[in-house]
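This is entry_22.txt. It holds compact mmCIF, C-alpha atoms and all ligand atoms.
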```
# COMPACT_ATOMS: atom_id res chain seq x y z
CA MET Q 19 -74.21 -68.36 29.77
CA LEU Q 20 -74.63 -65.76 32.46
CA ALA Q 21 -72.39 -65.92 35.47
CA PRO Q 22 -74.30 -66.17 38.77
CA PRO Q 23 -74.91 -62.82 40.44
CA HIS Q 24 -73.24 -61.83 43.71
CA SER Q 25 -70.24 -64.05 43.14
CA GLN Q 26 -68.13 -60.96 43.66
CA GLY Q 27 -64.42 -61.56 43.46
CA ALA Q 28 -64.87 -65.22 42.65
CA ASP Q 29 -64.32 -64.88 38.93
CA LYS Q 30 -62.16 -62.22 37.33
CA GLY Q 31 -62.16 -63.95 34.00
CA THR Q 32 -65.56 -62.73 32.84
CA LEU Q 33 -67.23 -59.40 32.18
CA GLU Q 34 -70.84 -58.88 31.20
CA VAL Q 35 -71.55 -55.71 29.20
CA PHE Q 36 -75.15 -54.73 28.55
CA SER Q 37 -76.13 -52.36 25.73
CA TRP Q 38 -78.44 -52.04 22.72
CA TRP Q 39 -75.69 -51.70 20.18
CA THR Q 40 -76.62 -54.24 17.55
CA SER Q 41 -77.03 -52.35 14.24
CA GLY Q 42 -74.16 -52.66 11.77
CA GLY Q 43 -72.43 -49.46 12.84
CA GLU Q 44 -73.24 -49.85 16.53
CA ALA Q 45 -71.94 -53.42 16.71
CA ALA Q 46 -68.72 -52.50 14.91
CA ALA Q 47 -68.13 -49.66 17.35
CA LEU Q 48 -68.88 -51.86 20.37
CA ASP Q 49 -66.38 -54.37 19.03
CA ALA Q 50 -63.75 -51.64 18.96
CA LEU Q 51 -64.38 -51.09 22.68
CA PHE Q 52 -64.16 -54.83 23.32
CA ASN Q 53 -60.87 -55.01 21.43
CA ALA Q 54 -59.44 -52.10 23.39
CA TYR Q 55 -60.51 -53.84 26.60
CA GLN Q 56 -59.05 -57.18 25.64
CA LYS Q 57 -55.76 -55.62 24.69
CA ARG Q 58 -55.48 -54.24 28.21
CA ASN Q 59 -57.05 -57.23 29.91
CA PRO Q 60 -56.05 -60.29 27.95
CA GLY Q 61 -57.91 -63.46 28.70
CA VAL Q 62 -61.02 -61.88 30.17
CA GLU Q 63 -64.08 -63.29 28.47
CA ILE Q 64 -66.64 -60.67 27.52
CA ILE Q 65 -70.29 -61.58 27.58
CA ASN Q 66 -72.00 -59.27 25.12
CA ALA Q 67 -75.51 -58.98 26.58
CA ALA Q 68 -76.76 -56.52 23.94
CA VAL Q 69 -80.51 -56.49 23.32
CA ALA Q 70 -81.52 -55.29 19.83
CA GLY Q 71 -83.76 -52.26 19.34
CA GLY Q 72 -82.75 -48.66 18.69
CA ALA Q 73 -82.56 -46.19 21.57
CA GLY Q 74 -82.77 -49.09 23.99
CA SER Q 75 -86.51 -49.43 23.44
CA ALA Q 76 -86.32 -53.18 24.06
CA ALA Q 77 -83.13 -53.25 26.13
CA ARG Q 78 -84.16 -50.87 28.88
CA PRO Q 79 -87.17 -52.94 30.06
CA VAL Q 80 -84.97 -56.08 30.09
CA LEU Q 81 -82.38 -54.21 32.12
CA GLN Q 82 -85.00 -52.91 34.58
CA ALA Q 83 -86.22 -56.45 35.19
CA ARG Q 84 -82.70 -57.68 35.83
CA LEU Q 85 -81.93 -54.79 38.18
CA ALA Q 86 -85.17 -55.23 40.08
CA GLY Q 87 -84.51 -58.97 40.28
CA GLY Q 88 -81.00 -58.47 41.71
CA LYS Q 89 -79.26 -59.87 38.62
CA PRO Q 90 -77.44 -56.83 37.23
CA PRO Q 91 -74.99 -57.03 34.37
CA ASP Q 92 -71.57 -55.85 35.54
CA THR Q 93 -71.90 -52.65 33.52
CA TRP Q 94 -74.58 -51.22 31.30
CA GLN Q 95 -75.08 -48.51 28.71
CA THR Q 96 -76.91 -45.46 29.94
CA HIS Q 97 -77.73 -41.92 28.95
CA PRO Q 98 -76.69 -39.34 31.51
CA GLY Q 99 -79.20 -37.06 33.20
CA TRP Q 100 -82.57 -38.41 34.25
CA GLU Q 101 -82.03 -41.90 32.90
CA LEU Q 102 -78.83 -42.51 34.86
CA LEU Q 103 -79.66 -40.55 37.98
CA GLY Q 104 -83.40 -41.20 38.19
CA GLN Q 105 -83.67 -44.77 37.04
CA TYR Q 106 -80.42 -46.32 38.17
CA VAL Q 107 -78.68 -44.22 40.83
CA GLU Q 108 -81.74 -43.19 42.83
CA PRO Q 109 -82.98 -46.77 43.42
CA GLY Q 110 -79.43 -47.78 44.40
CA TYR Q 111 -78.45 -49.92 41.42
CA CYS Q 112 -75.13 -48.16 40.77
CA GLU Q 113 -71.85 -47.94 42.56
CA ALA Q 114 -70.11 -44.55 42.50
CA ILE Q 115 -66.92 -44.33 40.44
CA THR Q 116 -65.66 -41.01 41.76
CA GLU Q 117 -62.41 -42.64 42.90
CA LEU Q 118 -61.74 -43.92 39.41
CA TYR Q 119 -62.13 -40.38 38.02
CA LYS Q 120 -59.58 -39.13 40.55
CA ARG Q 121 -57.10 -41.93 39.94
CA ALA Q 122 -57.33 -41.68 36.16
CA GLY Q 123 -57.06 -37.87 36.18
CA TRP Q 124 -60.38 -37.64 34.33
CA ASP Q 125 -61.38 -34.40 36.01
CA ARG Q 126 -58.98 -32.73 33.60
CA VAL Q 127 -60.10 -34.43 30.38
CA PHE Q 128 -63.90 -34.75 30.53
CA PRO Q 129 -66.12 -31.66 30.19
CA LYS Q 130 -66.56 -30.56 33.81
CA GLU Q 131 -69.98 -29.03 33.33
CA LEU Q 132 -71.37 -32.18 31.74
CA VAL Q 133 -69.96 -34.45 34.43
CA ALA Q 134 -71.31 -32.21 37.17
CA SER Q 135 -74.78 -31.72 35.74
CA LEU Q 136 -75.55 -35.09 34.19
CA LEU Q 137 -73.38 -37.75 35.85
CA THR Q 138 -73.15 -36.61 39.45
CA LYS Q 139 -75.45 -37.02 42.44
CA ASP Q 140 -74.55 -35.89 45.95
CA ARG Q 141 -70.97 -35.27 44.81
CA GLU Q 142 -70.50 -38.83 43.55
CA ILE Q 143 -69.98 -39.63 39.88
CA TYR Q 144 -71.79 -42.65 38.46
CA ALA Q 145 -70.79 -43.22 34.85
CA VAL Q 146 -68.07 -42.69 32.30
CA LEU Q 147 -68.98 -41.43 28.84
CA ALA Q 148 -67.81 -43.30 25.76
CA GLY Q 149 -69.02 -40.68 23.31
CA ILE Q 150 -71.41 -37.83 22.62
CA HIS Q 151 -73.91 -37.95 19.77
CA ARG Q 152 -75.52 -34.93 18.14
CA GLY Q 153 -79.24 -35.54 17.81
CA ASN Q 154 -80.30 -32.70 15.51
CA VAL Q 155 -78.82 -33.78 12.20
CA LEU Q 156 -80.52 -33.93 8.81
CA TRP Q 157 -78.85 -36.46 6.53
CA TYR Q 158 -79.33 -36.67 2.80
CA ASN Q 159 -78.46 -38.76 -0.20
CA THR Q 160 -76.38 -36.40 -2.35
CA LYS Q 161 -76.81 -38.24 -5.62
CA LEU Q 162 -80.56 -38.63 -5.28
CA LEU Q 163 -80.92 -34.91 -4.62
CA GLU Q 164 -78.66 -34.05 -7.55
CA LYS Q 165 -80.68 -36.30 -9.83
CA ASN Q 166 -83.74 -34.33 -8.83
CA GLY Q 167 -82.13 -30.95 -9.31
CA ILE Q 168 -81.90 -30.19 -5.61
CA LYS Q 169 -78.88 -28.47 -4.16
CA VAL Q 170 -78.59 -28.23 -0.41
CA GLY Q 171 -76.53 -25.45 1.13
CA ASP Q 172 -75.17 -25.16 4.68
CA GLN Q 173 -78.46 -24.38 6.33
CA MET Q 174 -82.01 -25.59 6.03
CA THR Q 175 -85.27 -23.81 6.78
CA PHE Q 176 -88.65 -25.51 7.10
CA ASN Q 177 -89.81 -23.78 3.92
CA MET Q 178 -86.84 -25.03 1.98
CA LEU Q 179 -87.32 -28.53 3.31
CA PHE Q 180 -90.99 -28.56 2.33
CA ALA Q 181 -90.19 -27.16 -1.13
CA PHE Q 182 -87.68 -30.00 -1.64
CA CYS Q 183 -90.19 -32.48 -0.27
CA ASP Q 184 -92.82 -31.32 -2.80
CA LYS Q 185 -90.39 -31.65 -5.64
CA LEU Q 186 -89.41 -35.15 -4.59
CA LYS Q 187 -93.02 -36.14 -4.00
CA ALA Q 188 -93.90 -35.03 -7.52
CA ALA Q 189 -91.13 -37.33 -8.75
CA GLY Q 190 -92.62 -40.22 -6.75
CA ILE Q 191 -89.92 -40.24 -4.06
CA SER Q 192 -90.51 -40.40 -0.31
CA ALA Q 193 -88.58 -37.37 0.78
CA LEU Q 194 -88.35 -38.11 4.50
CA GLY Q 195 -87.07 -41.50 5.56
CA VAL Q 196 -88.40 -42.71 8.90
CA GLY Q 197 -88.05 -46.13 10.53
CA ASP Q 198 -90.32 -45.96 13.54
CA SER Q 199 -90.99 -49.61 14.32
CA GLY Q 200 -89.53 -48.19 17.53
CA ILE Q 201 -91.69 -45.06 17.86
CA TRP Q 202 -88.79 -43.11 19.40
CA ALA Q 203 -87.51 -42.48 15.84
CA SER Q 204 -90.60 -40.40 15.06
CA ALA Q 205 -90.33 -38.79 18.48
CA GLN Q 206 -86.80 -37.84 17.49
CA LEU Q 207 -88.06 -36.15 14.30
CA PHE Q 208 -90.50 -34.24 16.49
CA GLU Q 209 -87.78 -33.35 19.02
CA ASN Q 210 -85.58 -31.96 16.25
CA THR Q 211 -88.51 -30.01 14.79
CA LEU Q 212 -89.42 -28.66 18.22
CA LEU Q 213 -85.91 -27.35 18.83
CA GLY Q 214 -86.03 -25.66 15.41
CA VAL Q 215 -89.14 -23.73 16.46
CA ILE Q 216 -88.51 -22.93 20.14
CA GLY Q 217 -84.71 -22.64 20.13
CA PRO Q 218 -82.36 -23.59 22.97
CA GLU Q 219 -83.70 -21.05 25.49
CA GLY Q 220 -87.25 -22.18 24.74
CA TRP Q 221 -86.05 -25.74 25.29
CA THR Q 222 -84.79 -24.94 28.77
CA ASP Q 223 -88.05 -23.20 29.66
CA LEU Q 224 -90.12 -26.10 28.39
CA PHE Q 225 -88.24 -28.69 30.40
CA ASN Q 226 -88.07 -26.63 33.58
CA GLY Q 227 -91.80 -26.05 33.45
CA THR Q 228 -91.75 -22.30 32.65
CA THR Q 229 -93.32 -22.95 29.25
CA GLN Q 230 -96.22 -25.36 28.89
CA TRP Q 231 -96.57 -28.06 26.25
CA ASP Q 232 -99.65 -26.34 24.81
CA ASP Q 233 -97.75 -23.11 24.19
CA PRO Q 234 -98.44 -21.71 20.69
CA MET Q 235 -94.80 -22.23 19.71
CA VAL Q 236 -94.93 -25.90 20.71
CA LYS Q 237 -98.15 -26.27 18.75
CA GLU Q 238 -96.45 -24.66 15.77
CA ALA Q 239 -93.79 -27.39 15.94
CA MET Q 240 -96.53 -30.01 16.14
CA LYS Q 241 -98.13 -28.62 12.99
CA LEU Q 242 -94.85 -28.75 11.11
CA PHE Q 243 -94.30 -32.29 12.34
CA ALA Q 244 -97.81 -33.16 11.10
CA LYS Q 245 -97.04 -31.72 7.69
CA MET Q 246 -93.85 -33.78 7.48
CA GLN Q 247 -95.96 -36.94 7.71
CA ASP Q 248 -97.13 -36.27 4.12
CA TYR Q 249 -93.62 -36.98 2.87
CA VAL Q 250 -92.67 -39.98 4.99
CA ASN Q 251 -92.06 -43.39 3.40
CA PRO Q 252 -95.28 -45.45 3.62
CA ASP Q 253 -93.49 -48.46 5.15
CA HIS Q 254 -92.06 -46.39 8.05
CA SER Q 255 -93.71 -48.40 10.81
CA ALA Q 256 -92.24 -51.65 9.46
CA LEU Q 257 -88.67 -50.32 9.47
CA SER Q 258 -86.14 -49.85 12.24
CA TRP Q 259 -84.06 -46.64 12.37
CA ASP Q 260 -81.12 -48.29 10.66
CA GLN Q 261 -83.34 -49.73 7.93
CA ALA Q 262 -84.49 -46.17 7.23
CA ILE Q 263 -80.84 -45.13 6.95
CA LYS Q 264 -80.31 -48.07 4.63
CA ALA Q 265 -83.19 -46.79 2.48
CA LEU Q 266 -81.36 -43.45 2.30
CA ILE Q 267 -78.13 -45.22 1.35
CA GLN Q 268 -79.98 -47.08 -1.39
CA GLY Q 269 -81.54 -43.88 -2.70
CA LYS Q 270 -85.09 -44.87 -1.78
CA VAL Q 271 -85.57 -41.86 0.48
CA ALA Q 272 -83.84 -38.49 0.32
CA PHE Q 273 -83.57 -37.13 3.90
CA CYS Q 274 -83.44 -38.57 7.42
CA SER Q 275 -83.63 -36.54 10.60
CA MET Q 276 -81.65 -38.74 12.94
CA GLY Q 277 -78.93 -38.62 15.55
CA ASP Q 278 -75.43 -39.19 14.29
CA TRP Q 279 -75.32 -42.89 15.09
CA ALA Q 280 -76.58 -42.82 11.48
CA TYR Q 281 -73.03 -41.87 10.56
CA GLY Q 282 -71.89 -45.28 11.82
CA GLU Q 283 -74.14 -46.89 9.21
CA PHE Q 284 -72.65 -44.73 6.44
CA VAL Q 285 -69.15 -45.71 7.54
CA LYS Q 286 -70.14 -49.37 7.65
CA ALA Q 287 -71.62 -49.11 4.13
CA LYS Q 288 -68.44 -47.35 2.91
CA MET Q 289 -70.41 -44.32 1.77
CA LYS Q 290 -68.26 -41.31 0.89
CA ALA Q 291 -68.94 -38.14 2.86
CA LYS Q 292 -70.31 -35.27 0.70
CA GLU Q 293 -70.13 -37.34 -2.49
CA ASP Q 294 -72.65 -39.99 -1.44
CA PHE Q 295 -74.24 -38.49 1.62
CA GLY Q 296 -74.32 -35.11 3.28
CA TRP Q 297 -75.55 -33.54 6.49
CA LEU Q 298 -76.60 -30.30 8.06
CA SER Q 299 -78.38 -29.21 11.19
CA SER Q 300 -82.05 -30.15 11.17
CA PRO Q 301 -84.11 -27.09 10.14
CA TYR Q 302 -83.43 -23.93 12.18
CA THR Q 303 -81.26 -25.72 14.74
CA ASP Q 304 -77.90 -24.26 13.73
CA GLY Q 305 -76.15 -23.09 16.85
CA SER Q 306 -77.68 -25.82 19.00
CA PHE Q 307 -76.46 -29.31 19.77
CA ILE Q 308 -78.86 -31.90 21.18
CA VAL Q 309 -76.60 -33.96 23.40
CA ILE Q 310 -77.22 -37.69 23.38
CA ALA Q 311 -74.33 -39.14 25.32
CA ASP Q 312 -73.59 -42.78 26.01
CA GLY Q 313 -72.05 -43.84 29.27
CA PHE Q 314 -71.35 -47.00 31.21
CA THR Q 315 -72.08 -47.71 34.85
CA LEU Q 316 -70.72 -49.95 37.58
CA ALA Q 317 -73.39 -52.24 39.03
CA LYS Q 318 -73.78 -52.38 42.77
CA GLY Q 319 -73.06 -56.00 43.60
CA ALA Q 320 -71.38 -56.57 40.23
CA ALA Q 321 -70.47 -60.22 39.81
CA HIS Q 322 -67.14 -59.16 38.32
CA LYS Q 323 -66.31 -55.87 39.93
CA GLU Q 324 -62.60 -55.73 39.08
CA ALA Q 325 -63.28 -56.60 35.46
CA ALA Q 326 -66.02 -53.97 35.35
CA LEU Q 327 -63.74 -51.28 36.80
CA ALA Q 328 -61.15 -52.19 34.19
CA TRP Q 329 -63.88 -51.86 31.54
CA LEU Q 330 -64.76 -48.36 32.69
CA LYS Q 331 -61.09 -47.45 32.70
CA THR Q 332 -60.85 -48.62 29.10
CA VAL Q 333 -64.03 -46.80 28.04
CA GLY Q 334 -62.64 -43.56 29.42
CA SER Q 335 -59.21 -44.04 27.84
CA LYS Q 336 -57.98 -41.97 24.93
CA GLU Q 337 -57.20 -45.02 22.76
CA ALA Q 338 -60.65 -46.51 23.22
CA GLN Q 339 -62.41 -43.21 22.53
CA GLU Q 340 -60.32 -42.72 19.40
CA ALA Q 341 -61.13 -46.24 18.19
CA PHE Q 342 -64.82 -46.32 19.12
CA ASN Q 343 -66.15 -42.94 18.03
CA PRO Q 344 -65.05 -42.90 14.37
CA LEU Q 345 -67.17 -46.04 13.92
CA LYS Q 346 -70.07 -44.92 16.09
CA GLY Q 347 -70.55 -41.39 14.73
CA SER Q 348 -70.33 -39.76 18.13
CA ILE Q 349 -67.48 -37.50 19.19
CA PRO Q 350 -65.24 -38.51 22.07
CA ALA Q 351 -66.32 -37.24 25.44
CA ARG Q 352 -62.65 -36.64 26.21
CA THR Q 353 -61.45 -33.27 25.06
CA ASP Q 354 -57.80 -34.23 24.55
CA VAL Q 355 -58.17 -36.52 21.52
CA ASP Q 356 -56.34 -36.19 18.23
CA ARG Q 357 -58.75 -34.38 15.90
CA SER Q 358 -56.95 -35.60 12.81
CA LYS Q 359 -58.12 -39.14 13.57
CA PHE Q 360 -61.68 -38.03 12.80
CA ASP Q 361 -63.49 -37.45 9.53
CA ALA Q 362 -65.07 -34.27 8.24
CA TYR Q 363 -68.44 -35.06 9.80
CA GLN Q 364 -67.03 -35.56 13.27
CA GLN Q 365 -64.84 -32.48 13.04
CA TRP Q 366 -68.02 -30.57 12.17
CA SER Q 367 -69.74 -32.07 15.19
CA MET Q 368 -66.73 -31.32 17.45
CA ASP Q 369 -66.88 -27.67 16.40
CA SER Q 370 -70.60 -27.58 17.02
CA PHE Q 371 -70.15 -29.13 20.47
CA ALA Q 372 -67.49 -26.58 21.36
CA GLU Q 373 -69.34 -23.51 20.08
CA ASP Q 374 -73.07 -24.21 20.20
CA LYS Q 375 -75.74 -24.23 22.88
CA LEU Q 376 -75.98 -27.70 24.37
CA VAL Q 377 -79.42 -29.07 25.16
CA ALA Q 378 -80.39 -32.43 26.63
CA SER Q 379 -82.52 -34.90 24.69
CA CYS Q 380 -85.91 -35.95 26.01
CA VAL Q 381 -86.34 -38.81 23.56
CA HIS Q 382 -83.11 -40.33 24.84
CA GLY Q 383 -83.90 -40.04 28.51
CA GLU Q 384 -81.78 -37.09 29.58
CA ALA Q 385 -84.09 -34.09 29.87
CA ALA Q 386 -87.08 -35.57 31.68
CA PRO Q 387 -88.07 -38.53 33.85
CA ALA Q 388 -88.73 -41.91 32.20
CA ALA Q 389 -92.49 -41.56 32.64
CA PHE Q 390 -92.51 -38.37 30.57
CA GLN Q 391 -90.22 -39.88 27.94
CA GLN Q 392 -92.72 -42.76 27.65
CA ALA Q 393 -95.68 -40.36 27.51
CA LEU Q 394 -94.00 -38.48 24.68
CA ASN Q 395 -93.49 -41.71 22.74
CA ASP Q 396 -97.14 -42.69 23.30
CA ALA Q 397 -98.39 -39.25 22.27
CA VAL Q 398 -96.24 -39.31 19.13
CA ALA Q 399 -97.58 -42.78 18.25
CA ASN Q 400 -101.12 -41.39 18.40
CA PHE Q 401 -100.23 -38.19 16.61
CA VAL Q 402 -98.68 -39.78 13.53
CA VAL Q 403 -102.05 -41.48 13.08
CA ASP Q 404 -104.59 -38.77 14.03
CA ARG Q 405 -102.47 -35.60 13.60
CA ASN Q 406 -104.59 -33.90 16.24
CA VAL Q 407 -102.49 -31.04 17.64
CA ASP Q 408 -104.79 -30.33 20.59
CA ASN Q 409 -104.76 -33.93 21.76
CA PHE Q 410 -101.00 -34.10 21.35
CA ALA Q 411 -100.51 -30.94 23.41
CA LYS Q 412 -103.04 -32.01 26.04
CA ALA Q 413 -101.36 -35.39 26.53
CA LEU Q 414 -98.00 -33.71 27.10
CA VAL Q 415 -99.35 -31.05 29.45
CA LYS Q 416 -100.87 -33.83 31.53
CA ALA Q 417 -97.71 -35.94 31.46
CA ALA Q 418 -95.53 -32.98 32.47
CA LYS Q 419 -97.86 -32.20 35.36
CA GLU Q 420 -97.80 -35.80 36.54
CA SER Q 421 -94.04 -36.08 36.33
CA ARG Q 422 -93.62 -32.82 38.28
CA SER Q 423 -95.90 -34.03 41.04
CA ARG Q 424 -93.97 -37.29 41.31
CA LYS Q 425 -90.62 -35.56 41.76
C1 LIG Q 501 -79.37 -43.85 21.38
C2 LIG Q 501 -77.95 -44.13 21.81
C3 LIG Q 501 -77.03 -44.24 20.62
C4 LIG Q 501 -77.61 -45.10 19.52
C5 LIG Q 501 -79.10 -44.86 19.29
C6 LIG Q 501 -79.79 -45.84 18.35
O1 LIG Q 501 -80.22 -43.85 22.46
O2 LIG Q 501 -77.51 -43.10 22.63
O3 LIG Q 501 -75.79 -44.74 21.02
O4 LIG Q 501 -77.33 -46.40 19.85
O5 LIG Q 501 -79.81 -44.85 20.48
O6 LIG Q 501 -79.83 -47.13 18.85
```

Write out the structure in this file as structure tokens.
Amino acid sequence: MLAPPHSQGADKGTLEVFSWWTSGGEAAALDALFNAYQKRNPGVEIINAAVAGGAGSAARPVLQARLAGGKPPDTWQTHPGWELLGQYVEPGYCEAITELYKRAGWDRVFPKELVASLLTKDREIYAVLAGIHRGNVLWYNTKLLEKNGIKVGDQMTFNMLFAFCDKLKAAGISALGVGDSGIWASAQLFENTLLGVIGPEGWTDLFNGTTQWDDPMVKEAMKLFAKMQDYVNPDHSALSWDQAIKALIQGKVAFCSMGDWAYGEFVKAKMKAKEDFGWLSSPYTDGSFIVIADGFTLAKGAAHKEAALAWLKTVGSKEAQEAFNPLKGSIPARTDVDRSKFDAYQQWSMDSFAEDKLVASCVHGEAAPAAFQQALNDAVANFVVDRNVDNFAKALVKAAKESRSRK
């Protein structure tokens, strides 16, 4: 049962946490955060208000309705950048937590640049990051590839990927696993493909308006994305993202281009890294890291403000980040964690984060306003059916223009 809103201070025994972490790996990781919280705050009852649906596709509209209706959860999951600052801070739904950063000494342990560019507005900080996912990862089922005489090295080109896809197709196997019952998963495959073609500098130019969405390079990425559709599992639109990962685990599909929350599913399924599954950067994206970070906010008018502040303190703590991220697949946002507590995949991702060019994800609400993110999803939904590059490009040019004029 939900506690009544605006009963601030009346009840310190409850905390409502809103997220969309409900897949096997996500729920296990969220539980690790809950456990860390309850260890520090015994007796506080946590209301898990998670709404199922990858990337928050179903959760975010529910959240918007609650915020607009003045019934906020005490704290909610958010991506930094446009999603946090545009959708939640700008309309006044969040309370600043700058003081908490100062008190906890977090200015020394969280990446300064990230906090300043994606979590801060008018010098106030509005969220604490639990972890940082890498979006541009290509996962594969090692044994299935071996069985089909395919050996994957450290890097992948589009030509190599298509050659492998042809081989698998000839053997009757869907090479590319997609679960786009939430269309964002296909949008993610496009986002990863786009980065492979335009590179990190091209990415910056595209999202700051220097390059247009009908640029020949962007269209090239659209063509590659169209070609990929020939190798996608026929039941893709009936599957969720984690069901597509399950298909990879079961050897029904060979590759998945998906953010590293997929790793949480491999952990949950007790798959052995390298032996059972492997990973590499999605084609031509070595040297770049698509940042998809998860943070938590403090609601303005939180019904349980003290409990919520204690939650944020836990989320930002070293113990919680070391417990949560190995299950979630993300790397801790804190830079002072013990590396040895993390598996080979996450050490790979940590190195990439430290050395590579960081770019913000559009599919996960960081790089562009919500209206553009939605327009991209809609355009992708049309494109996977009609594969019309000109229409795809036109829709995005229009959406970019509209979102610029609204700024
Ligand atoms: C992302 C989120 C991740 C993961 C994924 C799939 O938007 O940042 O934590 O949950 O969606 O649901």

Within 10 Å of ligand LIG 501 (chain Q) (counting all atoms listed in the file), which residues show up? I'd like them as a compact mmCIF listing (two decimals) with C-alpha atoms, in the frame of the given file.
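Listed below is the output, out-v5.txt:
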```
# COMPACT_ATOMS: atom_id res chain seq x y z
CA SER Q 37 -76.13 -52.36 25.73
CA TRP Q 38 -78.44 -52.04 22.72
CA TRP Q 39 -75.69 -51.70 20.18
CA THR Q 40 -76.62 -54.24 17.55
CA SER Q 41 -77.03 -52.35 14.24
CA GLY Q 43 -72.43 -49.46 12.84
CA GLU Q 44 -73.24 -49.85 16.53
CA ALA Q 45 -71.94 -53.42 16.71
CA ALA Q 47 -68.13 -49.66 17.35
CA LEU Q 48 -68.88 -51.86 20.37
CA ALA Q 70 -81.52 -55.29 19.83
CA GLY Q 71 -83.76 -52.26 19.34
CA GLY Q 72 -82.75 -48.66 18.69
CA ALA Q 73 -82.56 -46.19 21.57
CA GLY Q 74 -82.77 -49.09 23.99
CA SER Q 75 -86.51 -49.43 23.44
CA GLN Q 95 -75.08 -48.51 28.71
CA THR Q 96 -76.91 -45.46 29.94
CA HIS Q 97 -77.73 -41.92 28.95
CA PRO Q 98 -76.69 -39.34 31.51
CA ALA Q 148 -67.81 -43.30 25.76
CA GLY Q 149 -69.02 -40.68 23.31
CA ILE Q 150 -71.41 -37.83 22.62
CA HIS Q 151 -73.91 -37.95 19.77
CA ARG Q 152 -75.52 -34.93 18.14
CA GLY Q 153 -79.24 -35.54 17.81
CA GLY Q 200 -89.53 -48.19 17.53
CA TRP Q 202 -88.79 -43.11 19.40
CA ALA Q 203 -87.51 -42.48 15.84
CA SER Q 258 -86.14 -49.85 12.24
CA TRP Q 259 -84.06 -46.64 12.37
CA ASP Q 260 -81.12 -48.29 10.66
CA MET Q 276 -81.65 -38.74 12.94
CA GLY Q 277 -78.93 -38.62 15.55
CA ASP Q 278 -75.43 -39.19 14.29
CA TRP Q 279 -75.32 -42.89 15.09
CA ALA Q 280 -76.58 -42.82 11.48
CA GLY Q 282 -71.89 -45.28 11.82
CA VAL Q 309 -76.60 -33.96 23.40
CA ILE Q 310 -77.22 -37.69 23.38
CA ALA Q 311 -74.33 -39.14 25.32
CA ASP Q 312 -73.59 -42.78 26.01
CA GLY Q 313 -72.05 -43.84 29.27
CA LYS Q 346 -70.07 -44.92 16.09
CA GLY Q 347 -70.55 -41.39 14.73
CA SER Q 348 -70.33 -39.76 18.13
CA SER Q 379 -82.52 -34.90 24.69
CA VAL Q 381 -86.34 -38.81 23.56
CA HIS Q 382 -83.11 -40.33 24.84
CA GLY Q 383 -83.90 -40.04 28.51
CA GLU Q 384 -81.78 -37.09 29.58
```

Measuring atom to atom with all atoms listed in the file, identify which of Q:Met174, Q:Leu103, Q:Ala351, Q:Ile168 is nearest to Asp304 (chain Q).
Q:Met174

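In this comparison, which uses only C-alpha atoms, the residue of Q:Phe307, Q:Asp125, Q:Gly99, Q:Arg58 approaching Asn154 (chain Q) most closely is Q:Phe307.
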
Gly220 (chain Q) environment, 12 Å, all atoms listed in the file, sequence neighbours closer than 2 positions dropped, as a list in words
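Within the cut-off, the hits are Leu212, Leu213, Gly214, Val215, Ile216, Gly217, Pro218, Thr222, Asp223, Leu224, Phe225, Asn226, Gly227, Thr228, Thr229, Gln230, Trp231, Asp233, Pro234, Met235, Val236, Ser306, Lys375 and Val377 of chain Q.
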
Find the spatial neighbours of Thr93 (chain Q), counting all atoms listed in the file, within a cut-off of 9 Å - ignore same-chain residues fewer than 5 positions away - and output them as a PDB file with C-alpha atoms, in the frame of the given file.
```
ATOM      1  CA  LEU Q  33     -67.230 -59.400  32.180  1.00  0.00           C
ATOM      2  CA  GLU Q  34     -70.840 -58.880  31.200  1.00  0.00           C
ATOM      3  CA  VAL Q  35     -71.550 -55.710  29.200  1.00  0.00           C
ATOM      4  CA  PHE Q  36     -75.150 -54.730  28.550  1.00  0.00           C
ATOM      5  CA  SER Q  37     -76.130 -52.360  25.730  1.00  0.00           C
ATOM      6  CA  PHE Q 314     -71.350 -47.000  31.210  1.00  0.00           C
ATOM      7  CA  THR Q 315     -72.080 -47.710  34.850  1.00  0.00           C
ATOM      8  CA  LEU Q 316     -70.720 -49.950  37.580  1.00  0.00           C
ATOM      9  CA  ALA Q 317     -73.390 -52.240  39.030  1.00  0.00           C
ATOM     10  CA  ALA Q 320     -71.380 -56.570  40.230  1.00  0.00           C
ATOM     11  CA  ALA Q 326     -66.020 -53.970  35.350  1.00  0.00           C
ATOM     12  CA  LEU Q 327     -63.740 -51.280  36.800  1.00  0.00           C
ATOM     13  CA  TRP Q 329     -63.880 -51.860  31.540  1.00  0.00           C
ATOM     14  CA  LEU Q 330     -64.760 -48.360  32.690  1.00  0.00           C
TER      15      LEU Q 330
END
```

Selection: 9 Å around region 397-400 of chain Q, only C-alpha atoms, excl. self and same-chain fewer than 6 positions, as JSON, numbers by chain:
{"Q": [201, 202, 204, 205, 208, 406, 409, 410, 411, 413, 414]}

Quick one: pull the distance between CA of Glu117 (chain Q) and CA of Glu142 (chain Q), Å, one decimal.
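CA of Glu117 (chain Q) sits 9.0 Å away from CA of Glu142 (chain Q).
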
Can you pull out every residue within 6 Å of Ser199 (chain Q), counting all atoms listed in the file, but drop anything in the same chain fewer than 3 positions away, and send it as number ranges by chain?
Q: 255-258

Store the residues of this selection in a file with C-alpha atoms, as a compact mmCIF listing (two decimals), in the coordinates of the input.
```txt
# COMPACT_ATOMS: atom_id res chain seq x y z
CA SER Q 255 -93.71 -48.40 10.81
CA ALA Q 256 -92.24 -51.65 9.46
CA LEU Q 257 -88.67 -50.32 9.47
CA SER Q 258 -86.14 -49.85 12.24
```
